[in-house]
$ cat input04.txt   # compact mmCIF, C-alpha atoms
# COMPACT_ATOMS: atom_id res chain seq x y z
CA MET A 1 0.00 0.00 0.00
CA PRO A 2 1.15 3.60 -0.56
CA PRO A 3 2.22 5.79 2.34
CA VAL A 4 -0.47 6.84 4.79
CA SER A 5 1.25 9.93 6.12
CA ALA A 6 -0.87 13.07 6.24
CA ALA A 7 1.02 14.73 3.42
CA PRO A 8 3.97 12.94 1.83
CA THR A 9 6.43 15.60 0.72
CA LYS A 10 9.99 15.96 -0.47
CA ASN A 11 11.31 18.24 2.24
CA SER A 12 10.78 18.82 5.93
CA ARG A 13 9.67 22.43 5.53
CA GLN A 14 6.62 21.52 3.46
CA GLN A 15 5.96 18.64 5.83
CA ALA A 16 5.87 21.01 8.79
CA LEU A 17 3.48 23.38 6.99
CA GLN A 18 1.19 20.51 6.13
CA ARG A 19 1.16 19.21 9.69
CA LEU A 20 0.04 22.67 10.75
CA ALA A 21 -2.64 22.64 8.09
CA ILE A 22 -4.28 19.38 9.19
CA GLN A 23 -4.08 19.93 12.93
CA LYS A 24 -7.34 19.25 14.72
CA GLU A 25 -6.62 20.94 18.04
CA PRO A 26 -7.71 24.57 18.45
CA LEU A 27 -5.00 27.15 18.88
CA PRO A 28 -4.40 28.42 22.43
CA SER A 29 -6.38 31.60 21.89
CA SER A 30 -9.54 29.87 20.71
CA VAL A 31 -12.67 29.83 22.79
CA SER A 32 -13.48 26.58 24.56
CA ALA A 33 -15.60 24.42 22.32
CA THR A 34 -19.09 23.33 23.29
CA PRO A 35 -21.10 20.43 21.91
CA GLN A 36 -22.86 21.26 18.67
CA THR A 37 -26.15 19.59 19.48
CA ALA A 38 -27.69 23.02 20.16
CA ASN A 39 -27.28 23.85 16.46
CA PRO A 40 -28.65 21.32 13.97
CA ILE A 41 -25.98 19.84 11.71
CA TYR A 42 -28.37 19.14 8.83
CA PRO A 43 -29.40 22.31 6.93
CA LYS A 44 -33.08 22.73 6.17
CA LEU A 45 -34.16 25.33 3.66
CA PRO A 46 -37.74 26.68 3.75
CA GLU A 47 -40.18 23.82 4.11
CA ILE A 48 -41.73 22.31 1.02
CA SER A 49 -44.97 20.39 1.16
CA ASP A 50 -46.63 17.96 -1.15
CA GLN A 51 -49.49 20.40 -1.73
CA PRO A 52 -49.40 23.69 -3.70
CA ARG A 53 -48.76 26.68 -1.46
CA SER A 54 -51.53 29.22 -1.10
CA ALA A 55 -50.92 32.87 -1.88
CA ALA A 56 -51.20 33.68 1.83
CA HIS A 57 -48.67 31.01 2.70
CA VAL A 58 -46.22 32.33 0.14
CA ALA A 59 -46.67 35.87 1.40
CA SER A 60 -45.94 34.81 4.98
CA ALA A 61 -42.87 32.76 4.06
CA PRO A 62 -39.46 33.94 5.25
CA PRO A 63 -37.55 36.04 2.71
CA HIS A 64 -35.12 33.31 1.70
CA GLY A 65 -35.56 33.71 -2.02
CA GLY A 66 -39.19 34.64 -2.46
CA ASP A 67 -41.29 33.26 -5.26
CA ARG A 68 -38.19 32.34 -7.26
CA ASP A 69 -37.12 29.79 -4.65
CA GLN A 70 -40.63 28.41 -4.35
CA THR A 71 -40.79 27.99 -8.12
CA ARG A 72 -37.59 25.99 -8.29
CA PHE A 73 -38.61 23.99 -5.20
CA ALA A 74 -41.83 23.10 -7.02
CA ARG A 75 -39.85 21.95 -10.07
CA LEU A 76 -37.64 19.77 -7.89
CA ARG A 77 -40.66 18.34 -6.07
CA ARG A 78 -42.27 17.39 -9.39
CA LEU A 79 -39.02 15.86 -10.59
CA PHE A 80 -38.62 13.64 -7.55
CA SER A 81 -42.30 12.79 -7.07
CA ASN A 82 -43.09 9.12 -7.59
CA GLY A 83 -46.26 9.78 -9.59
CA LYS A 84 -48.37 7.57 -7.34
CA THR A 85 -50.38 10.32 -5.70
CA SER A 86 -53.62 11.03 -7.50
CA GLY A 87 -53.58 14.20 -9.52
CA ARG A 88 -49.80 14.31 -9.69
CA SER A 89 -48.12 14.06 -13.06
CA SER A 90 -45.40 11.47 -13.51
CA PRO A 91 -41.81 12.72 -13.58
CA PRO A 92 -39.93 12.74 -16.88
CA VAL A 93 -38.04 9.56 -17.66
CA ASP A 94 -34.78 11.38 -18.29
CA VAL A 95 -33.41 14.06 -16.00
CA ASP A 96 -31.87 17.06 -17.70
CA LEU A 97 -28.71 17.44 -15.61
CA ASP A 98 -28.16 21.02 -16.69
CA LYS A 99 -31.62 22.01 -15.47
CA LEU A 100 -31.19 19.97 -12.28
CA ARG A 101 -27.91 21.73 -11.54
CA GLU A 102 -29.53 25.09 -12.15
CA ASP A 103 -32.35 24.31 -9.71
CA CYS A 104 -30.02 22.89 -7.04
CA TRP A 105 -27.25 25.51 -7.21
CA MET A 106 -28.84 27.83 -4.63
CA GLY A 107 -29.58 25.02 -2.20
CA ILE A 108 -31.70 21.87 -2.08
CA PRO A 109 -34.67 21.33 0.25
CA HIS A 110 -33.67 18.76 2.85
CA LYS A 111 -36.35 16.22 1.89
CA LEU A 112 -35.07 16.12 -1.69
CA ARG A 113 -31.34 16.42 -1.02
CA PRO A 114 -30.47 12.66 -0.80
CA GLN A 115 -31.89 11.80 -4.20
CA ALA A 116 -30.56 15.01 -5.75
CA TRP A 117 -27.04 14.31 -4.46
CA ARG A 118 -27.10 10.79 -5.90
CA LEU A 119 -27.97 12.18 -9.32
CA LEU A 120 -25.58 15.12 -9.18
CA SER A 121 -22.73 12.82 -8.07
CA GLY A 122 -23.29 10.59 -11.09
CA TYR A 123 -24.12 7.70 -8.78
CA LEU A 124 -27.61 7.35 -10.25
CA PRO A 125 -28.36 7.40 -13.99
CA THR A 126 -30.56 10.15 -15.36
CA ASN A 127 -32.93 7.54 -16.81
CA ALA A 128 -35.60 6.82 -14.19
CA GLU A 129 -36.21 3.26 -15.40
CA ARG A 130 -32.58 2.30 -14.76
CA ARG A 131 -32.23 3.87 -11.33
CA GLU A 132 -33.60 1.12 -9.13
CA VAL A 133 -31.59 -1.61 -10.86
CA THR A 134 -28.42 0.49 -10.88
CA LEU A 135 -28.79 1.40 -7.21
CA GLN A 136 -29.22 -2.22 -6.18
CA CYS A 137 -26.25 -3.34 -8.28
CA LYS A 138 -23.95 -0.68 -6.85
CA ARG A 139 -24.99 -1.40 -3.28
CA ASP A 140 -24.41 -5.13 -3.81
CA GLU A 141 -21.04 -4.36 -5.40
CA TYR A 142 -19.92 -2.38 -2.35
CA TRP A 143 -20.75 -5.21 0.02
CA HIS A 144 -18.96 -7.61 -2.29
CA TYR A 145 -15.84 -5.43 -1.88
CA VAL A 146 -16.26 -5.53 1.90
CA GLU A 147 -16.45 -9.30 1.82
CA GLN A 148 -13.49 -9.52 -0.55
CA TYR A 149 -11.10 -7.03 1.08
CA PHE A 150 -12.02 -6.03 4.62
CA HIS A 151 -10.59 -9.17 6.20
CA SER A 152 -7.14 -8.13 4.91
CA ARG A 153 -6.97 -5.01 7.12
CA PHE A 154 -4.64 -6.70 9.60
CA ASP A 155 -2.25 -8.10 6.98
CA ASP A 156 1.28 -6.75 7.20
CA GLN A 157 1.03 -4.76 3.96
CA ASN A 158 -2.26 -3.12 5.00
CA ALA A 159 -1.93 -2.76 8.75
CA ASP A 160 -0.46 0.76 8.63
CA THR A 161 -3.33 1.99 6.48
CA PHE A 162 -5.97 0.58 8.80
CA ARG A 163 -4.12 1.82 11.87
CA GLN A 164 -4.13 5.38 10.54
CA ILE A 165 -7.84 5.13 9.75
CA ASN A 166 -8.46 3.92 13.30
CA ILE A 167 -6.54 6.89 14.69
CA ASP A 168 -8.39 9.47 12.60
CA ILE A 169 -11.99 8.32 12.93
CA PRO A 170 -12.42 9.03 16.68
CA ARG A 171 -11.03 12.55 16.10
CA MET A 172 -13.64 13.23 13.43
CA CYS A 173 -16.28 15.80 14.46
CA PRO A 174 -15.57 15.22 18.19
CA LEU A 175 -18.37 17.56 19.29
CA ILE A 176 -21.10 15.74 17.34
CA PRO A 177 -22.44 12.69 19.22
CA LEU A 178 -23.44 10.91 16.00
CA PHE A 179 -19.82 10.38 14.98
CA GLN A 180 -18.74 9.07 18.38
CA GLN A 181 -21.05 6.05 18.14
CA LYS A 182 -19.20 2.76 17.76
CA MET A 183 -21.51 1.56 15.01
CA VAL A 184 -20.96 4.72 12.97
CA GLN A 185 -17.19 4.51 13.41
CA GLU A 186 -17.22 0.92 12.20
CA MET A 187 -19.14 2.01 9.09
CA PHE A 188 -16.51 4.67 8.41
CA GLU A 189 -13.72 2.11 8.90
CA ARG A 190 -15.15 -0.04 6.12
CA ILE A 191 -15.80 2.88 3.77
CA LEU A 192 -12.30 4.33 4.14
CA TYR A 193 -10.44 1.03 4.07
CA ILE A 194 -12.22 -0.26 0.97
CA TRP A 195 -11.60 3.06 -0.77
CA ALA A 196 -7.89 2.94 0.12
CA ILE A 197 -7.50 -0.64 -1.09
CA ARG A 198 -9.14 0.22 -4.40
CA HIS A 199 -7.01 3.36 -4.91
CA PRO A 200 -3.39 2.30 -4.41
CA ALA A 201 -2.06 5.40 -6.20
CA SER A 202 -2.89 7.46 -3.14
CA GLY A 203 -4.07 5.09 -0.46
CA TYR A 204 -5.60 6.63 2.63
CA VAL A 205 -4.53 10.19 3.44
CA GLN A 206 -5.55 12.12 6.54
CA GLY A 207 -8.46 14.39 5.75
CA ILE A 208 -10.28 11.95 3.48
CA ASN A 209 -12.24 10.75 6.52
CA ASP A 210 -13.81 14.21 6.85
CA LEU A 211 -15.12 14.10 3.30
CA VAL A 212 -17.39 11.13 4.05
CA THR A 213 -19.35 12.95 6.77
CA PRO A 214 -21.60 15.19 4.59
CA PHE A 215 -22.73 12.22 2.49
CA PHE A 216 -23.31 10.11 5.59
CA VAL A 217 -25.48 12.79 7.23
CA VAL A 218 -27.49 13.41 4.07
CA PHE A 219 -28.25 9.75 3.44
CA LEU A 220 -28.95 9.09 7.12
CA SER A 221 -31.54 11.89 7.07
CA GLU A 222 -33.74 9.79 4.75
CA PHE A 223 -34.44 7.27 7.47
CA ILE A 224 -35.09 9.36 10.57
CA PRO A 225 -38.11 11.50 11.53
CA GLN A 226 -38.04 15.10 10.39
CA ASP A 227 -38.23 16.41 13.96
CA VAL A 228 -35.22 14.40 15.18
CA GLU A 229 -31.81 16.06 15.17
CA VAL A 230 -29.43 14.05 12.98
CA GLY A 231 -26.37 14.93 15.07
CA SER A 232 -27.66 13.16 18.16
CA PHE A 233 -29.58 10.30 16.53
CA ASP A 234 -28.76 6.78 17.71
CA VAL A 235 -28.00 4.88 14.51
CA SER A 236 -28.41 1.52 16.26
CA GLN A 237 -32.16 2.19 16.25
CA LEU A 238 -32.26 1.72 12.47
CA PRO A 239 -32.77 -1.68 10.86
CA LEU A 240 -29.52 -3.20 9.62
CA GLU A 241 -30.68 -3.04 6.01
CA GLN A 242 -31.08 0.74 6.19
CA CYS A 243 -27.63 1.14 7.74
CA GLN A 244 -26.16 -0.88 4.90
CA LEU A 245 -27.85 1.36 2.32
CA ILE A 246 -26.48 4.50 4.00
CA GLU A 247 -22.99 3.04 4.11
CA ALA A 248 -22.95 1.88 0.48
CA ASP A 249 -24.35 5.15 -0.86
CA SER A 250 -21.83 7.16 1.18
CA PHE A 251 -19.00 5.03 -0.21
CA TRP A 252 -19.96 5.49 -3.85
CA CYS A 253 -20.61 9.22 -3.59
CA VAL A 254 -17.39 10.01 -1.74
CA SER A 255 -15.59 7.83 -4.29
CA ALA A 256 -16.99 9.98 -7.11
CA LEU A 257 -15.87 13.13 -5.29
CA LEU A 258 -12.35 11.79 -4.67
CA ASP A 259 -12.01 10.62 -8.25
CA SER A 260 -12.45 14.25 -9.32
CA ILE A 261 -9.66 15.50 -7.02
CA GLN A 262 -7.43 12.45 -6.70
CA ASP A 263 -4.21 14.35 -7.44
CA ASN A 264 -4.87 16.17 -4.16
CA TYR A 265 -3.88 12.95 -2.40
CA THR A 266 -1.21 11.27 -4.52
CA PHE A 267 2.46 11.53 -3.54
CA ALA A 268 3.49 15.12 -2.69
CA GLN A 269 -0.18 16.09 -3.19
CA PRO A 270 0.48 18.03 -6.42
CA GLY A 271 -3.16 19.02 -6.84
CA ILE A 272 -3.17 20.88 -3.54
CA GLN A 273 0.21 22.49 -4.19
CA ARG A 274 -1.04 23.75 -7.55
CA LYS A 275 -4.34 25.05 -6.16
CA VAL A 276 -2.64 26.92 -3.33
CA LEU A 277 -0.41 28.67 -5.86
CA GLN A 278 -3.42 29.50 -8.01
CA LEU A 279 -5.20 30.93 -4.97
CA ARG A 280 -2.17 33.09 -4.19
CA HIS A 281 -2.12 34.50 -7.69
CA LEU A 282 -5.89 35.02 -7.72
CA MET A 283 -5.75 36.95 -4.43
CA SER A 284 -3.01 39.17 -5.82
CA ARG A 285 -5.51 40.19 -8.47
CA VAL A 286 -8.77 40.49 -6.49
CA ASP A 287 -7.55 41.84 -3.11
CA ARG A 288 -4.04 43.16 -3.52
CA PRO A 289 -3.96 45.04 -0.16
CA LEU A 290 -4.75 41.82 1.72
CA HIS A 291 -2.29 39.85 -0.41
CA LYS A 292 0.50 42.35 0.34
CA HIS A 293 -0.43 42.38 4.04
CA LEU A 294 -0.12 38.60 4.25
CA GLU A 295 3.23 38.58 2.48
CA SER A 296 4.62 41.52 4.48
CA ASN A 297 3.89 39.58 7.68
CA GLY A 298 5.61 36.45 6.41
CA ILE A 299 2.39 34.49 5.86
CA GLU A 300 2.70 31.79 3.22
CA TYR A 301 -0.53 30.66 1.62
CA LEU A 302 0.42 27.03 2.16
CA GLN A 303 0.33 27.63 5.91
CA PHE A 304 -3.44 28.10 5.94
CA ALA A 305 -4.75 27.22 2.47
CA PHE A 306 -3.35 23.69 2.45
CA ARG A 307 -6.06 22.74 4.94
CA TRP A 308 -8.69 24.59 2.92
CA MET A 309 -7.84 22.46 -0.11
CA ASN A 310 -7.16 19.20 1.73
CA ASN A 311 -10.45 19.31 3.65
CA LEU A 312 -12.56 21.45 1.28
CA LEU A 313 -13.09 24.10 4.01
CA MET A 314 -14.75 21.52 6.25
CA ARG A 315 -12.64 22.52 9.24
CA GLU A 316 -13.35 26.20 8.71
CA ILE A 317 -17.18 26.15 8.65
CA PRO A 318 -19.87 24.13 10.48
CA LEU A 319 -21.06 20.86 9.01
CA ARG A 320 -24.51 22.30 8.22
CA ALA A 321 -22.81 25.02 6.17
CA THR A 322 -20.60 22.44 4.46
CA ILE A 323 -23.64 20.42 3.38
CA ARG A 324 -25.30 23.54 2.00
CA LEU A 325 -22.05 24.49 0.22
CA TRP A 326 -21.88 21.03 -1.32
CA ASP A 327 -25.35 21.56 -2.83
CA THR A 328 -23.60 24.16 -4.96
CA TYR A 329 -20.39 22.20 -5.53
CA LEU A 330 -22.35 19.20 -6.79
CA SER A 331 -24.34 21.53 -9.07
CA GLU A 332 -21.14 22.81 -10.69
CA PRO A 333 -19.59 20.57 -13.39
CA ASP A 334 -16.16 21.00 -11.71
CA GLY A 335 -17.33 22.06 -8.29
CA PHE A 336 -14.73 20.36 -6.12
CA MET A 337 -11.91 20.72 -8.62
CA GLN A 338 -12.27 24.29 -9.95
CA PHE A 339 -15.09 26.20 -8.29
CA HIS A 340 -13.67 25.43 -4.84
CA ASN A 341 -10.66 27.62 -5.62
CA TYR A 342 -12.92 30.62 -6.26
CA VAL A 343 -14.85 29.85 -3.08
CA CYS A 344 -11.55 29.89 -1.15
CA ALA A 345 -10.70 33.28 -2.64
CA ALA A 346 -14.14 34.62 -1.73
CA PHE A 347 -13.82 33.10 1.74
CA LEU A 348 -10.43 34.71 2.32
CA ARG A 349 -11.52 38.16 1.25
CA THR A 350 -14.61 37.87 3.46
CA TRP A 351 -12.18 38.42 6.33
CA SER A 352 -10.01 41.02 4.59
CA LYS A 353 -10.62 43.88 7.02
CA GLN A 354 -10.16 41.75 10.11
CA LEU A 355 -6.96 40.21 8.77
CA GLN A 356 -5.49 43.55 7.78
CA ALA A 357 -6.24 44.82 11.30
CA GLU A 358 -3.83 42.18 12.67
CA LYS A 359 -0.33 43.61 12.66
CA ASP A 360 1.94 40.61 13.07
CA PHE A 361 2.42 37.01 11.98
CA GLN A 362 0.95 35.51 15.14
CA GLY A 363 -2.20 37.63 15.07
CA VAL A 364 -2.90 36.87 11.41
CA MET A 365 -2.31 33.13 11.80
CA ILE A 366 -4.42 32.84 14.94
CA LEU A 367 -7.33 34.52 13.14
CA LEU A 368 -6.88 32.38 10.02
CA GLN A 369 -6.92 29.21 12.10
CA ASN A 370 -9.98 30.31 14.11
CA LEU A 371 -12.28 32.25 11.80
CA PRO A 372 -15.63 33.05 13.51
CA THR A 373 -17.97 30.95 11.37
CA GLN A 374 -19.77 29.01 14.13
CA SER A 375 -23.14 30.55 13.26
CA TRP A 376 -22.82 30.24 9.50
CA GLY A 377 -25.74 28.82 7.57
CA ASP A 378 -27.60 29.19 4.28
CA ARG A 379 -27.43 32.99 4.09
CA GLU A 380 -23.65 33.13 4.48
CA ILE A 381 -23.11 30.31 1.99
CA CYS A 382 -25.36 32.06 -0.55
CA GLU A 383 -23.26 35.21 -0.22
CA LEU A 384 -20.01 33.25 -0.40
CA THR A 385 -20.98 31.28 -3.51
CA ALA A 386 -22.36 34.40 -5.21
CA ASP A 387 -19.00 36.11 -4.72
CA ALA A 388 -17.17 33.00 -5.92
CA PHE A 389 -19.39 32.83 -9.00
CA SER A 390 -18.56 36.45 -9.80
CA LEU A 391 -14.85 35.67 -9.53
CA GLN A 392 -15.22 32.61 -11.72
CA SER A 393 -17.13 34.62 -14.34
CA VAL A 394 -14.24 37.08 -14.55
CA PHE A 395 -11.27 34.72 -14.29
CA ASP A 396 -12.39 31.32 -15.54
CA GLY A 397 -11.73 32.29 -19.13
CA ALA A 398 -8.19 33.12 -18.06
CA ARG A 399 -7.67 29.82 -16.22
CA ARG A 400 -4.63 28.95 -18.34
CA HIS A 401 -3.14 32.33 -17.51
CA LEU A 402 -3.72 31.73 -13.79
CA SER A 403 -2.17 28.28 -14.06
CA ALA A 404 0.85 29.62 -15.90
CA GLN A 405 1.33 32.42 -13.37
CA ALA A 406 0.97 29.99 -10.47
CA ALA A 407 3.58 27.69 -11.98
CA SER A 408 6.12 30.47 -12.41
CA PRO A 409 8.70 30.92 -9.65
$ encode --input "input04.txt" --output "structure tokens"
Amino acid sequence: MPPVSAAPTKNSRQQALQRLAIQKEPLPSSVSATPQTANPIYPKLPEISDQPRSAAHVASAPPHGGDRDQTRFARLRRLFSNGKTSGRSSPPVDVDLDKLREDCWMGIPHKLRPQAWRLLSGYLPTNAERREVTLQCKRDEYWHYVEQYFHSRFDDQNADTFRQINIDIPRMCPLIPLFQQKMVQEMFERILYIWAIRHPASGYVQGINDLVTPFFVVFLSEFIPQDVEVGSFDVSQLPLEQCQLIEADSFWCVSALLDSIQDNYTFAQPGIQRKVLQLRHLMSRVDRPLHKHLESNGIEYLQFAFRWMNNLLMREIPLRATIRLWDTYLSEPDGFMQFHNYVCAAFLRTWSKQLQAEKDFQGVMILLQNLPTQSWGDREICELTADAFSLQSVFDGARRHLSAQAASP
């Protein structure tokens, strides 16, 4: 198996920067953490019902997106309806992915999110008649892999990989009770180990474990009552068959994500190195005062942005905000690969004034490692992605220029 170190690199300096980037412990100045059960971890946009909304109901709805949101919610509801309710038209056989992405980009209602994510991930075919058969085949295939490979986790050539997985899983989302359950941790062990065995070019790398959690929460939400908080739900209450479906679907969707960014995790993590350089160049164009402030205080982008790329901002924002952000990423053709870079630029310049108010290396780094995003939700993600979209509209046509500039010494 390939190395399982957090970030295999060619020199100790980069290794030290990358250790800093993946650290889990808060910096000394951070406020003491409290359990997150007070804030739901699963984002819920304005409620959608199976019945048309009255004019009075629409008028009294919160100002999330007005009639425009309700219109796209209605389109999504029709798309994912099963056609069995009287008076309801059957959904089209083929899903137009471009239209689906357009309707999901600004956020997906929580009841529809699981099925939408399966389609947007490419896990389910767009043809409705093939979905049930495909889903069953893929789920059976995953459990065949478990039967074929999981017993080898203690073999000499695989023991280091499984040991690192075992170390990382208990550290994952330590303030969310859901992820501290033994049954859930065993599910993650199988998902991560099977993925590592099937991807020897990278193997398991620290940080990949975090990327499973949004999929797991979304697919778990299908099987629990709407009024129950996902973050504190006891998974052992579910029938074994439902747990197996959640696990298999999480495996295939995180596999699709990782396939799109695999060079982030191969030796020396060239994808991350390249994206950090591109972010540096982009910031020099869109917020030069902040860029110069960082450089004048000896801040290297790799010192903070490595983690942003390695964990897709998951350690910078709450899980509920991550799930909402991934609605948009999955709705972008290259969401995790390209659009994420623009989101990082938008995210960094969100804090431009606060960062420029810090006058030394320590102050800037402490703020960068502890950005105050604890209360972030749909509104903040909408603003962030809108800013990122604006940046992409301006610079995406010059992507080759950005790449060339980033590659230059």
$ residues_around --input "input04.txt" --residues "A:Leu319" --least-positions-apart "2" --cutoff "8 Å" --atoms "all atoms listed in the file" --output "list of chain:residue names"
A:Ile41, A:Tyr42, A:Pro214, A:Met314, A:Ile317, A:Ala321, A:Thr322, A:Ile323
$ closest_atom_pairs --input "input04.txt" --of "stretch 250-308 of chain A" --to "stretch 142-161 of chain A" --cutoff "12 Å" --atoms "only C-alpha atoms" --output "Markdown table"
| residue | atom | partner | partner_atom | distance |
| --- | --- | --- | --- | --- |
| A:Ser250 | CA | A:Tyr142 | CA | 10.3 |
| A:Phe251 | CA | A:Tyr142 | CA | 7.8 |
| A:Trp252 | CA | A:Tyr142 | CA | 8.0 |
| A:Cys253 | CA | A:Tyr142 | CA | 11.7 |
| A:Ser255 | CA | A:Tyr142 | CA | 11.3 |
$ residues_near_point --input "input04.txt" --point "(-9.1, 40.7, 7.6)" --cutoff "12 Å" --atoms "only C-alpha atoms" --output "list of chain:residue names"
A:Asp287, A:Pro289, A:Leu290, A:His291, A:His293, A:Leu294, A:Phe347, A:Leu348, A:Arg349, A:Thr350, A:Trp351, A:Ser352, A:Lys353, A:Gln354, A:Leu355, A:Gln356, A:Ala357, A:Glu358, A:Lys359, A:Gly363, A:Val364, A:Met365, A:Ile366, A:Leu367, A:Leu368, A:Leu371, A:Pro372
$ atom_distance --input "input04.txt" --atom1 "atom CA of A:Leu330" --atom2 "atom CA of A:Leu120"
5.7 Å
$ residues_near_point --input "input04.txt" --point "(-2.6, 29.6, -2.1)" --cutoff "7 Å" --atoms "only C-alpha atoms" --output "number ranges by chain"
A: 275-280, 301-302, 305
$ atom_distance --input "input04.txt" --atom1 "atom CA of A:Leu79" --atom2 "atom CA of A:Ser221"
19.6 Å
$ atom_distance --input "input04.txt" --atom1 "atom CA of A:Trp195" --atom2 "atom CA of A:Gln237"
26.7 Å
$ closest_residue --input "input04.txt" --among "A:Asp103, A:Glu141, A:Asp227, A:Asp210" --to "A:Arg171" --atoms "only C-alpha atoms"
A:Asp210
$ closest_residue --input "input04.txt" --among "A:Glu241, A:Asp378, A:Glu295, A:Asp396" --to "A:Leu282" --atoms "all atoms listed in the file"
A:Asp396
$ residues_around --input "input04.txt" --residues "A:Ala388" --least-positions-apart "3" --cutoff "9 Å" --atoms "all atoms listed in the file" --output "PyMOL selection string"
chain A and resi 339-347+383-385+391-393
$ closest_residue --input "input04.txt" --among "A:Arg320, A:Pro333, A:Trp326, A:Ser296" --to "A:Gln374" --atoms "only C-alpha atoms"
A:Arg320
$ closest_residue --input "input04.txt" --among "A:Lys138, A:Arg118, A:Arg307, A:Arg75" --to "A:Ile272" --atoms "only C-alpha atoms"
A:Arg307
$ axis_aligned_box --input "input04.txt" --around "stretch 279-285 of chain A" --padding-each-side "8 Å" --output "AutoDock Vina command-line options"
--center_x -4.0 --center_y 35.6 --center_z -6.3 --size_x 19.8 --size_y 25.3 --size_z 20.3
$ residues_around --input "input04.txt" --residues "A:Ile208" --least-positions-apart "6" --cutoff "9 Å" --atoms "all atoms listed in the file" --output "number ranges by chain"
A: 192, 258, 265, 310-311
$ closest_residue --input "input04.txt" --among "A:Pro174, A:Phe162, A:Met309, A:Ile108" --to "A:Ile197" --atoms "all atoms listed in the file"
A:Phe162
$ residues_around --input "input04.txt" --residues "A:Leu178" --least-positions-apart "4" --cutoff "10 Å" --atoms "only C-alpha atoms" --output "PyMOL selection string"
chain A and resi 37+173-174+182-185+217+229-235
$ closest_residue --input "input04.txt" --among "A:Leu211, A:Ile194, A:Cys243, A:Met106" --to "A:Phe223" --atoms "all atoms listed in the file"
A:Cys243
$ build_atoms --input "input04.txt" --residues "stretch 389-393 of chain A" --atoms "all heavy atoms" --output "compact mmCIF listing (two decimals), in the frame of the given file"
# COMPACT_ATOMS: atom_id res chain seq x y z
N PHE A 389 -18.91 32.90 -7.63
CA PHE A 389 -19.39 32.83 -9.00
C PHE A 389 -18.96 34.06 -9.79
O PHE A 389 -18.60 33.97 -10.97
CB PHE A 389 -20.92 32.70 -9.01
CG PHE A 389 -21.50 32.54 -10.39
CD1 PHE A 389 -21.49 31.31 -11.03
CD2 PHE A 389 -22.05 33.62 -11.05
CE1 PHE A 389 -22.02 31.16 -12.31
CE2 PHE A 389 -22.59 33.49 -12.33
CZ PHE A 389 -22.58 32.25 -12.95
N SER A 390 -19.00 35.22 -9.13
CA SER A 390 -18.56 36.45 -9.80
C SER A 390 -17.08 36.36 -10.17
O SER A 390 -16.67 36.74 -11.28
CB SER A 390 -18.79 37.66 -8.89
OG SER A 390 -20.17 37.84 -8.64
N LEU A 391 -16.27 35.84 -9.25
CA LEU A 391 -14.85 35.67 -9.53
C LEU A 391 -14.62 34.70 -10.69
O LEU A 391 -13.80 34.94 -11.57
CB LEU A 391 -14.11 35.19 -8.29
CG LEU A 391 -14.04 36.16 -7.11
CD1 LEU A 391 -13.37 35.48 -5.91
CD2 LEU A 391 -13.28 37.42 -7.48
N GLN A 392 -15.36 33.60 -10.66
CA GLN A 392 -15.22 32.61 -11.72
C GLN A 392 -15.62 33.21 -13.07
O GLN A 392 -14.97 32.94 -14.09
CB GLN A 392 -16.09 31.39 -11.42
CG GLN A 392 -16.00 30.30 -12.48
CD GLN A 392 -16.79 29.06 -12.12
OE1 GLN A 392 -16.22 28.01 -11.83
NE2 GLN A 392 -18.10 29.16 -12.11
N SER A 393 -16.68 34.02 -13.09
CA SER A 393 -17.13 34.62 -14.34
C SER A 393 -16.06 35.51 -14.94
O SER A 393 -15.90 35.59 -16.16
CB SER A 393 -18.40 35.45 -14.09
OG SER A 393 -19.45 34.62 -13.60
